[in-house]
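Here is coords.cif, consisting of mmCIF, C-alpha atoms:
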data_protein
#
loop_
_atom_site.label_atom_id
_atom_site.label_comp_id
_atom_site.auth_asym_id
_atom_site.auth_seq_id
_atom_site.Cartn_x
_atom_site.Cartn_y
_atom_site.Cartn_z
CA MET A 286 -32.42 -24.79 -5.54
CA PRO A 287 -29.92 -22.01 -4.92
CA ASP A 288 -30.13 -18.92 -7.02
CA LEU A 289 -27.88 -19.29 -10.07
CA CYS A 290 -26.71 -15.68 -9.76
CA VAL A 291 -25.57 -16.30 -6.18
CA VAL A 292 -23.73 -19.48 -7.19
CA PHE A 293 -22.07 -17.71 -10.11
CA ALA A 294 -21.04 -14.79 -7.88
CA GLY A 295 -19.57 -17.21 -5.34
CA ARG A 296 -17.52 -18.95 -8.01
CA GLU A 297 -16.23 -15.64 -9.31
CA ARG A 298 -15.13 -14.64 -5.81
CA LEU A 299 -13.32 -17.95 -5.40
CA LYS A 300 -11.52 -17.40 -8.70
CA ALA A 301 -10.47 -13.94 -7.59
CA LEU A 302 -9.21 -15.38 -4.30
CA TRP A 303 -7.33 -18.50 -5.28
CA ARG A 304 -5.18 -16.97 -8.00
CA PRO A 305 -3.43 -14.37 -5.79
CA ALA A 306 -3.21 -16.94 -2.99
CA LEU A 307 -1.61 -19.46 -5.34
CA LEU A 308 0.82 -16.83 -6.62
CA LEU A 309 1.79 -15.94 -3.05
CA ALA A 310 2.29 -19.62 -2.18
CA LEU A 311 4.44 -20.19 -5.27
CA MET A 312 6.60 -17.17 -4.51
CA LEU A 313 7.12 -18.26 -0.91
CA ALA A 314 7.94 -21.78 -2.11
CA PHE A 315 10.47 -20.34 -4.58
CA VAL A 316 12.12 -18.33 -1.81
CA TRP A 317 12.24 -21.42 0.37
CA TRP A 318 13.85 -23.38 -2.47
CA ILE A 319 16.53 -20.71 -2.84
CA VAL A 320 17.19 -20.78 0.89
CA ASP A 321 17.47 -24.57 0.86
CA ALA A 322 19.74 -24.56 -2.20
CA ALA A 323 22.04 -21.97 -0.60
CA SER A 324 22.36 -23.95 2.63
CA GLU A 325 25.45 -25.69 1.27
CA GLN A 326 27.25 -22.36 0.87
CA TYR A 327 25.86 -20.43 3.82
CA ARG A 328 25.05 -21.56 7.33
CA TRP A 329 21.63 -20.21 8.09
CA GLN A 330 20.96 -19.06 11.64
CA TRP A 331 17.20 -18.81 11.74
CA TYR A 332 17.17 -19.75 15.42
CA ARG A 333 18.61 -16.32 16.18
CA VAL A 334 15.91 -14.51 14.21
CA TRP A 335 12.69 -15.55 15.92
CA ARG A 336 13.36 -13.58 19.11
CA PHE A 337 13.05 -10.39 17.06
CA ILE A 338 9.50 -11.40 16.16
CA GLY A 339 8.48 -12.05 19.76
CA VAL A 340 8.81 -14.32 22.77
CA TRP A 341 6.45 -15.97 25.22
CA GLU A 342 7.04 -14.84 28.78
CA GLU A 343 4.87 -15.97 31.70
CA GLY A 344 2.10 -17.11 29.38
CA ALA A 345 1.95 -13.85 27.42
CA PHE A 346 3.37 -12.85 24.06
CA ARG A 347 5.86 -10.01 24.12
CA PRO A 348 6.36 -8.54 20.64
CA GLY A 349 9.88 -8.19 19.35
CA ALA A 350 11.49 -5.42 17.38
CA LEU A 351 10.13 -6.58 14.03
CA VAL A 352 6.53 -6.77 15.23
CA GLU A 353 6.82 -3.29 16.74
CA ALA A 354 8.27 -2.05 13.45
CA LEU A 355 5.43 -3.70 11.54
CA TYR A 356 2.95 -1.81 13.73
CA VAL A 357 4.69 1.45 12.81
CA THR A 358 4.57 0.53 9.12
CA LEU A 359 0.84 -0.24 9.31
CA ARG A 360 0.10 3.04 11.11
CA LEU A 361 2.16 4.90 8.54
CA THR A 362 0.36 3.19 5.66
CA LEU A 363 -3.13 3.86 7.01
CA ALA A 364 -2.42 7.52 7.86
CA SER A 365 -0.77 8.12 4.48
CA LEU A 366 -3.65 6.37 2.70
CA ALA A 367 -6.20 8.64 4.37
CA LEU A 368 -4.22 11.75 3.42
CA SER A 369 -3.63 10.53 -0.14
CA LEU A 370 -7.34 9.87 -0.70
CA ALA A 371 -8.29 13.27 0.71
CA SER A 372 -5.62 15.21 -1.18
CA GLY A 373 -6.29 13.19 -4.34
CA ALA A 374 -10.00 13.99 -4.20
CA VAL A 375 -9.28 17.71 -3.72
CA LEU A 376 -6.73 17.84 -6.54
CA ALA A 377 -9.01 15.86 -8.86
CA GLY A 378 -11.85 18.27 -8.12
CA MET A 379 -9.57 21.19 -8.91
CA ARG A 380 -8.48 19.58 -12.18
CA LEU A 381 -12.12 19.09 -13.18
CA SER A 382 -13.17 22.54 -11.99
CA ALA A 383 -14.48 25.19 -14.33
CA SER A 384 -12.14 27.71 -12.71
CA PRO A 385 -8.95 28.24 -14.75
CA VAL A 386 -7.11 29.31 -11.58
CA ALA A 387 -7.96 26.02 -9.82
CA ARG A 388 -6.96 24.01 -12.88
CA ALA A 389 -3.65 25.85 -13.24
CA LEU A 390 -2.85 25.52 -9.53
CA SER A 391 -3.63 21.80 -9.49
CA PHE A 392 -1.53 21.32 -12.64
CA LEU A 393 1.47 22.96 -10.96
CA VAL A 394 1.05 21.01 -7.73
CA LEU A 395 0.64 17.68 -9.53
CA GLY A 396 3.62 18.40 -11.74
CA ALA A 397 5.83 19.19 -8.76
CA LEU A 398 4.75 16.10 -6.81
CA ARG A 399 4.87 13.59 -9.66
CA ASN A 400 8.07 14.79 -11.32
CA THR A 401 10.36 14.86 -8.29
CA PRO A 402 11.66 11.79 -6.40
CA LEU A 403 9.84 10.75 -3.25
CA LEU A 404 13.12 10.57 -1.34
CA MET A 405 13.82 14.22 -2.15
CA GLN A 406 10.33 15.18 -0.98
CA LEU A 407 10.89 13.29 2.27
CA PHE A 408 14.06 15.28 2.92
CA MET A 409 12.42 18.59 2.01
CA VAL A 410 9.44 18.00 4.30
CA TYR A 411 11.56 16.65 7.16
CA PHE A 412 14.25 19.33 7.12
CA VAL A 413 12.21 22.34 5.93
CA ALA A 414 8.49 21.93 6.61
CA ALA A 415 8.52 19.72 9.72
CA PRO A 416 10.38 22.24 11.98
CA VAL A 417 7.96 24.97 10.90
CA LEU A 418 4.90 22.78 11.51
CA GLY A 419 6.34 21.38 14.73
CA VAL A 420 5.95 17.71 13.76
CA GLY A 421 8.28 14.76 14.16
CA PRO A 422 9.66 12.25 11.68
CA PHE A 423 6.53 10.08 11.64
CA TRP A 424 4.13 12.84 10.63
CA ALA A 425 6.68 14.29 8.24
CA ALA A 426 6.71 10.88 6.54
CA VAL A 427 2.89 10.78 6.52
CA LEU A 428 2.74 14.23 4.93
CA SER A 429 5.30 13.32 2.26
CA LEU A 430 3.77 9.96 1.40
CA GLY A 431 0.20 11.26 1.52
CA LEU A 432 0.86 14.13 -0.88
CA PHE A 433 3.09 12.09 -3.20
CA GLU A 434 0.62 9.23 -3.53
CA GLY A 435 -2.27 11.71 -3.58
CA ALA A 436 -0.91 13.14 -6.83
CA TYR A 437 -1.36 9.76 -8.49
CA VAL A 438 -4.70 9.15 -6.78
CA ALA A 439 -5.91 12.49 -8.19
CA GLU A 440 -5.25 11.32 -11.74
CA ILE A 441 -6.98 8.00 -10.99
CA PHE A 442 -10.05 9.81 -9.68
CA ARG A 443 -10.06 12.22 -12.62
CA ALA A 444 -9.83 9.37 -15.12
CA GLY A 445 -12.65 7.57 -13.33
CA VAL A 446 -14.94 10.60 -13.50
CA LEU A 447 -14.13 11.23 -17.16
CA GLY A 448 -14.81 7.56 -17.87
CA VAL A 449 -18.44 7.88 -16.80
CA PRO A 450 -20.58 8.39 -19.93
CA LYS A 451 -21.99 11.87 -20.39
CA GLY A 452 -25.42 10.33 -20.65
CA GLN A 453 -25.30 9.62 -16.91
CA TRP A 454 -24.87 13.32 -16.21
CA GLU A 455 -27.61 14.25 -18.66
CA ALA A 456 -30.02 11.67 -17.23
CA ALA A 457 -29.44 12.83 -13.67
CA LEU A 458 -29.82 16.51 -14.58
CA SER A 459 -32.95 15.81 -16.62
CA LEU A 460 -34.54 14.38 -13.47
CA GLY A 461 -34.07 17.74 -11.78
CA MET A 462 -31.07 16.81 -9.65
CA PRO A 463 -28.68 19.61 -8.71
CA VAL A 464 -25.14 19.18 -10.04
CA SER A 465 -23.77 18.38 -6.58
CA LEU A 466 -26.42 15.71 -5.96
CA ALA A 467 -25.93 14.19 -9.42
CA ALA A 468 -22.20 14.00 -8.83
CA ARG A 469 -22.58 12.47 -5.36
CA GLU A 470 -25.34 9.96 -6.13
CA VAL A 471 -24.76 9.04 -9.78
CA VAL A 472 -21.32 9.90 -11.12
CA VAL A 473 -18.96 9.42 -8.17
CA PRO A 474 -20.11 5.84 -7.30
CA GLN A 475 -19.56 4.77 -10.91
CA ALA A 476 -16.20 6.53 -11.04
CA LEU A 477 -15.07 4.79 -7.85
CA ARG A 478 -15.98 1.38 -9.26
CA GLN A 479 -13.94 2.10 -12.37
CA SER A 480 -11.03 3.40 -10.30
CA LEU A 481 -10.86 0.44 -7.92
CA PRO A 482 -8.18 -1.62 -9.74
CA ALA A 483 -5.89 1.38 -10.14
CA LEU A 484 -6.46 2.42 -6.51
CA ALA A 485 -5.51 -1.09 -5.35
CA GLY A 486 -2.30 -0.88 -7.34
CA GLN A 487 -1.54 2.52 -5.86
CA LEU A 488 -2.08 1.18 -2.35
CA VAL A 489 0.41 -1.60 -3.07
CA ALA A 490 2.88 1.06 -4.22
CA LEU A 491 2.22 2.99 -1.00
CA VAL A 492 3.04 -0.05 1.14
CA LYS A 493 6.34 -0.48 -0.68
CA ASP A 494 7.17 3.23 -0.62
CA THR A 495 6.98 3.26 3.18
CA SER A 496 10.39 1.55 3.16
CA LEU A 497 11.94 4.91 2.16
CA VAL A 498 10.97 6.62 5.41
CA SER A 499 13.92 4.96 7.15
CA ALA A 500 15.97 7.73 5.51
CA ILE A 501 14.45 10.25 7.96
CA ALA A 502 14.79 8.03 11.05
CA VAL A 503 11.27 6.58 11.18
CA ALA A 504 11.54 3.20 12.94
CA ASP A 505 9.62 1.24 10.33
CA LEU A 506 10.22 -2.33 9.22
CA THR A 507 13.11 -1.46 6.92
CA MET A 508 14.96 0.66 9.46
CA ARG A 509 14.55 -1.89 12.28
CA THR A 510 15.79 -4.61 9.94
CA ARG A 511 18.91 -2.60 9.14
CA VAL A 512 19.58 -1.97 12.82
CA ILE A 513 19.20 -5.67 13.65
CA ILE A 514 21.56 -6.60 10.79
CA THR A 515 24.14 -4.14 12.12
CA ASP A 516 23.96 -5.76 15.56
CA THR A 517 23.78 -9.42 14.52
CA PHE A 518 25.24 -9.62 10.98
CA LEU A 519 22.23 -11.77 9.96
CA SER A 520 21.90 -10.05 6.59
CA PHE A 521 20.31 -12.80 4.51
CA GLU A 522 17.93 -14.00 7.20
CA MET A 523 16.65 -10.57 8.13
CA TRP A 524 16.23 -9.24 4.60
CA LEU A 525 14.43 -12.41 3.50
CA LEU A 526 12.11 -12.15 6.49
CA ALA A 527 11.43 -8.44 5.83
CA ALA A 528 10.77 -9.15 2.14
CA ALA A 529 8.32 -11.91 3.09
CA VAL A 530 6.46 -9.50 5.40
CA TYR A 531 6.15 -6.89 2.62
CA LEU A 532 4.98 -9.61 0.22
CA VAL A 533 2.26 -10.71 2.63
CA LEU A 534 1.16 -7.11 3.24
CA THR A 535 0.83 -6.30 -0.46
CA SER A 536 -0.99 -9.60 -1.06
CA LEU A 537 -3.45 -8.82 1.73
CA VAL A 538 -4.17 -5.56 -0.10
CA SER A 539 -4.50 -7.13 -3.55
CA ILE A 540 -6.81 -10.02 -2.67
CA PRO A 541 -9.70 -7.95 -1.15
CA ALA A 542 -9.40 -5.49 -4.03
CA ARG A 543 -9.80 -8.29 -6.57
CA LEU A 544 -12.79 -9.66 -4.65
CA LEU A 545 -14.49 -6.25 -4.70
CA GLU A 546 -13.67 -5.83 -8.37
CA ARG A 547 -15.22 -9.21 -9.23
CA LYS A 548 -18.25 -8.40 -7.07
CA GLU A 549 -18.87 -5.22 -9.05
CA GLN A 550 -18.55 -7.09 -12.34
CA VAL A 551 -21.13 -9.76 -11.41
#
As a first step, turn the structure in this file into structure tokens.
Amino acid sequence: MPDLCVVFAGRERLKALWRPALLLALMLAFVWWIVDAASEQYRWQWYRVWRFIGVWEEGAFRPGALVEALYVTLRLTLASLALSLASGAVLAGMRLSASPVARALSFLVLGALRNTPLLMQLFMVYFVAAPVLGVGPFWAAVLSLGLFEGAYVAEIFRAGVLGVPKGQWEAALSLGMPVSLAAREVVVPQALRQSLPALAGQLVALVKDTSLVSAIAVADLTMRTRVIITDTFLSFEMWLLAAAVYLVLTSLVSIPARLLERKEQV
């Protein structure tokens, strides 16, 4: 007979999977219903849209403008995620440091990043910092997004560490572990497990925030969609398609995060 724990864990993973999938299906069905209901007032021209996704030529798929823009958005998201995790870890360490200088500096940096609009930070980095650093619009966007999201990730990490019971520290230190080893082997893994839901939500916010980089001429999904609308006047079709792509991307982030969260709870 199969192990009951394995069966229970499998059922929990299925529960974590089918609910977001059902929500995604219902939302797509609702959008389709709106499109169908509006067909009496607006003549949809979906046949003109698909070429921007890609075409088959000589037995090979040639990506269109939207697929190329999606590739830029994915690169931007991954690079910004890496920077946000790194900067968030550093800022969280400074906030938890015993040094008053490190705590004060991190407090000022976090306050500046969290209390000013992301769009303003994009402009400041693109027009002020990027020429000095010698980087283009893409890396200026990565720097802005990575630091902005990193400010929130820092608070998530700090809350996760503070949420670990003090007894875990005391038990590790009583075994003769150095502070660095106790933090790395005992405290940080528990803090990461507690921070996982909030980190997943922040990653979803990062995916959506990438749409702002079109303001500094990064050819992401939003900017390419606007250019296509200017050329073709297919406003409803293109914005619905772009919204569906963002919905799928954020769902693909949420579902694995829920699976990992359920796995840790079992």
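Atom pair CA of Phe392 in chain A / CA of Ala367 in chain A: separated by 21.7 Å.
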Give the answer as one residue: which of A:Gly421, A:Pro474, A:Gly396, A:Gly344 has the shortest atom-to-atom distance to Ala436 in chain A, using all atoms listed in the file?
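Closest to Ala436 in chain A, using all atoms listed in the file: A:Gly396.
On the file presented, the PyMOL selection byres ((chain A and resi 368) around 8) picks out Ala364, Ser365, Leu366, Ala367, Ser369, Leu370, Ala371, Ser372, Val427, Leu428, Gly431, Leu432 and Gly435 of chain A.
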When you look at range 400-402 of chain A with a cut-off of 12 Å (counting all atoms listed in the file), what residues show up, excluding the ones that are within fewer than 2 positions of it in the same chain? I need them as an MDAnalysis selection string.
chainID A and resid 392:398 404:409 429:430 433:434 436:437 494 497
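Among the candidates A:Thr517, A:Thr358, A:Ile540, A:Leu351, the one nearest to Trp335 in chain A when counting all atoms listed in the file is A:Leu351.
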At what distance in Å, to one decimal, does CA of Ala527 in chain A lie from CA of Gly373 in chain A?
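These two atoms are separated by 29.8 Å.
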Write out as a PyMOL selection string each polymer residue whose atoms come within 9 Å of Glu353 in chain A, counting all atoms listed in the file; drop sequence neighbours fewer than 5 positions from it.
chain A and resi 338+348+358+504-506
Pairwise distance for CA of Tyr356 in chain A and CA of Leu525 in chain A, rounded to one decimal in Å:
18.7 Å
Is there a way to complete range 345-356 of chain A with N, CA, C and O atoms and then write that out as an mmCIF file, keeping the file's coordinate frame?
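Saved file rebuild-v2.cif follows:
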data_model
loop_
_atom_site.group_PDB
_atom_site.id
_atom_site.type_symbol
_atom_site.label_atom_id
_atom_site.label_comp_id
_atom_site.auth_asym_id
_atom_site.auth_seq_id
_atom_site.Cartn_x
_atom_site.Cartn_y
_atom_site.Cartn_z
ATOM 1 N N ALA A 345 2.379 -14.989 28.243
ATOM 2 C CA ALA A 345 1.950 -13.850 27.420
ATOM 3 C C ALA A 345 2.979 -13.617 26.316
ATOM 4 O O ALA A 345 4.166 -13.878 26.492
ATOM 5 N N PHE A 346 2.495 -13.132 25.202
ATOM 6 C CA PHE A 346 3.370 -12.850 24.060
ATOM 7 C C PHE A 346 3.908 -11.434 24.169
ATOM 8 O O PHE A 346 3.150 -10.473 24.271
ATOM 9 N N ARG A 347 5.225 -11.328 24.118
ATOM 10 C CA ARG A 347 5.860 -10.010 24.120
ATOM 11 C C ARG A 347 6.442 -9.749 22.739
ATOM 12 O O ARG A 347 7.342 -10.464 22.305
ATOM 13 N N PRO A 348 5.899 -8.775 22.020
ATOM 14 C CA PRO A 348 6.360 -8.540 20.640
ATOM 15 C C PRO A 348 7.818 -8.110 20.597
ATOM 16 O O PRO A 348 8.297 -7.368 21.459
ATOM 17 N N GLY A 349 8.500 -8.576 19.562
ATOM 18 C CA GLY A 349 9.880 -8.190 19.350
ATOM 19 C C GLY A 349 9.999 -6.948 18.500
ATOM 20 O O GLY A 349 9.010 -6.288 18.163
ATOM 21 N N ALA A 350 11.228 -6.650 18.119
ATOM 22 C CA ALA A 350 11.490 -5.420 17.380
ATOM 23 C C ALA A 350 10.812 -5.399 16.027
ATOM 24 O O ALA A 350 10.318 -4.354 15.580
ATOM 25 N N LEU A 351 10.741 -6.550 15.358
ATOM 26 C CA LEU A 351 10.130 -6.580 14.030
ATOM 27 C C LEU A 351 8.622 -6.382 14.093
ATOM 28 O O LEU A 351 8.046 -5.719 13.223
ATOM 29 N N VAL A 352 7.973 -6.954 15.082
ATOM 30 C CA VAL A 352 6.530 -6.770 15.230
ATOM 31 C C VAL A 352 6.219 -5.313 15.564
ATOM 32 O O VAL A 352 5.255 -4.736 15.044
ATOM 33 N N GLU A 353 7.012 -4.708 16.430
ATOM 34 C CA GLU A 353 6.820 -3.290 16.740
ATOM 35 C C GLU A 353 7.023 -2.433 15.497
ATOM 36 O O GLU A 353 6.280 -1.464 15.265
ATOM 37 N N ALA A 354 8.031 -2.794 14.683
ATOM 38 C CA ALA A 354 8.270 -2.050 13.450
ATOM 39 C C ALA A 354 7.134 -2.241 12.459
ATOM 40 O O ALA A 354 6.751 -1.309 11.740
ATOM 41 N N LEU A 355 6.563 -3.448 12.414
ATOM 42 C CA LEU A 355 5.430 -3.700 11.540
ATOM 43 C C LEU A 355 4.228 -2.848 11.950
ATOM 44 O O LEU A 355 3.498 -2.323 11.098
ATOM 45 N N TYR A 356 4.037 -2.670 13.240
ATOM 46 C CA TYR A 356 2.950 -1.810 13.730
ATOM 47 C C TYR A 356 3.158 -0.374 13.256
ATOM 48 O O TYR A 356 2.208 0.297 12.831
#
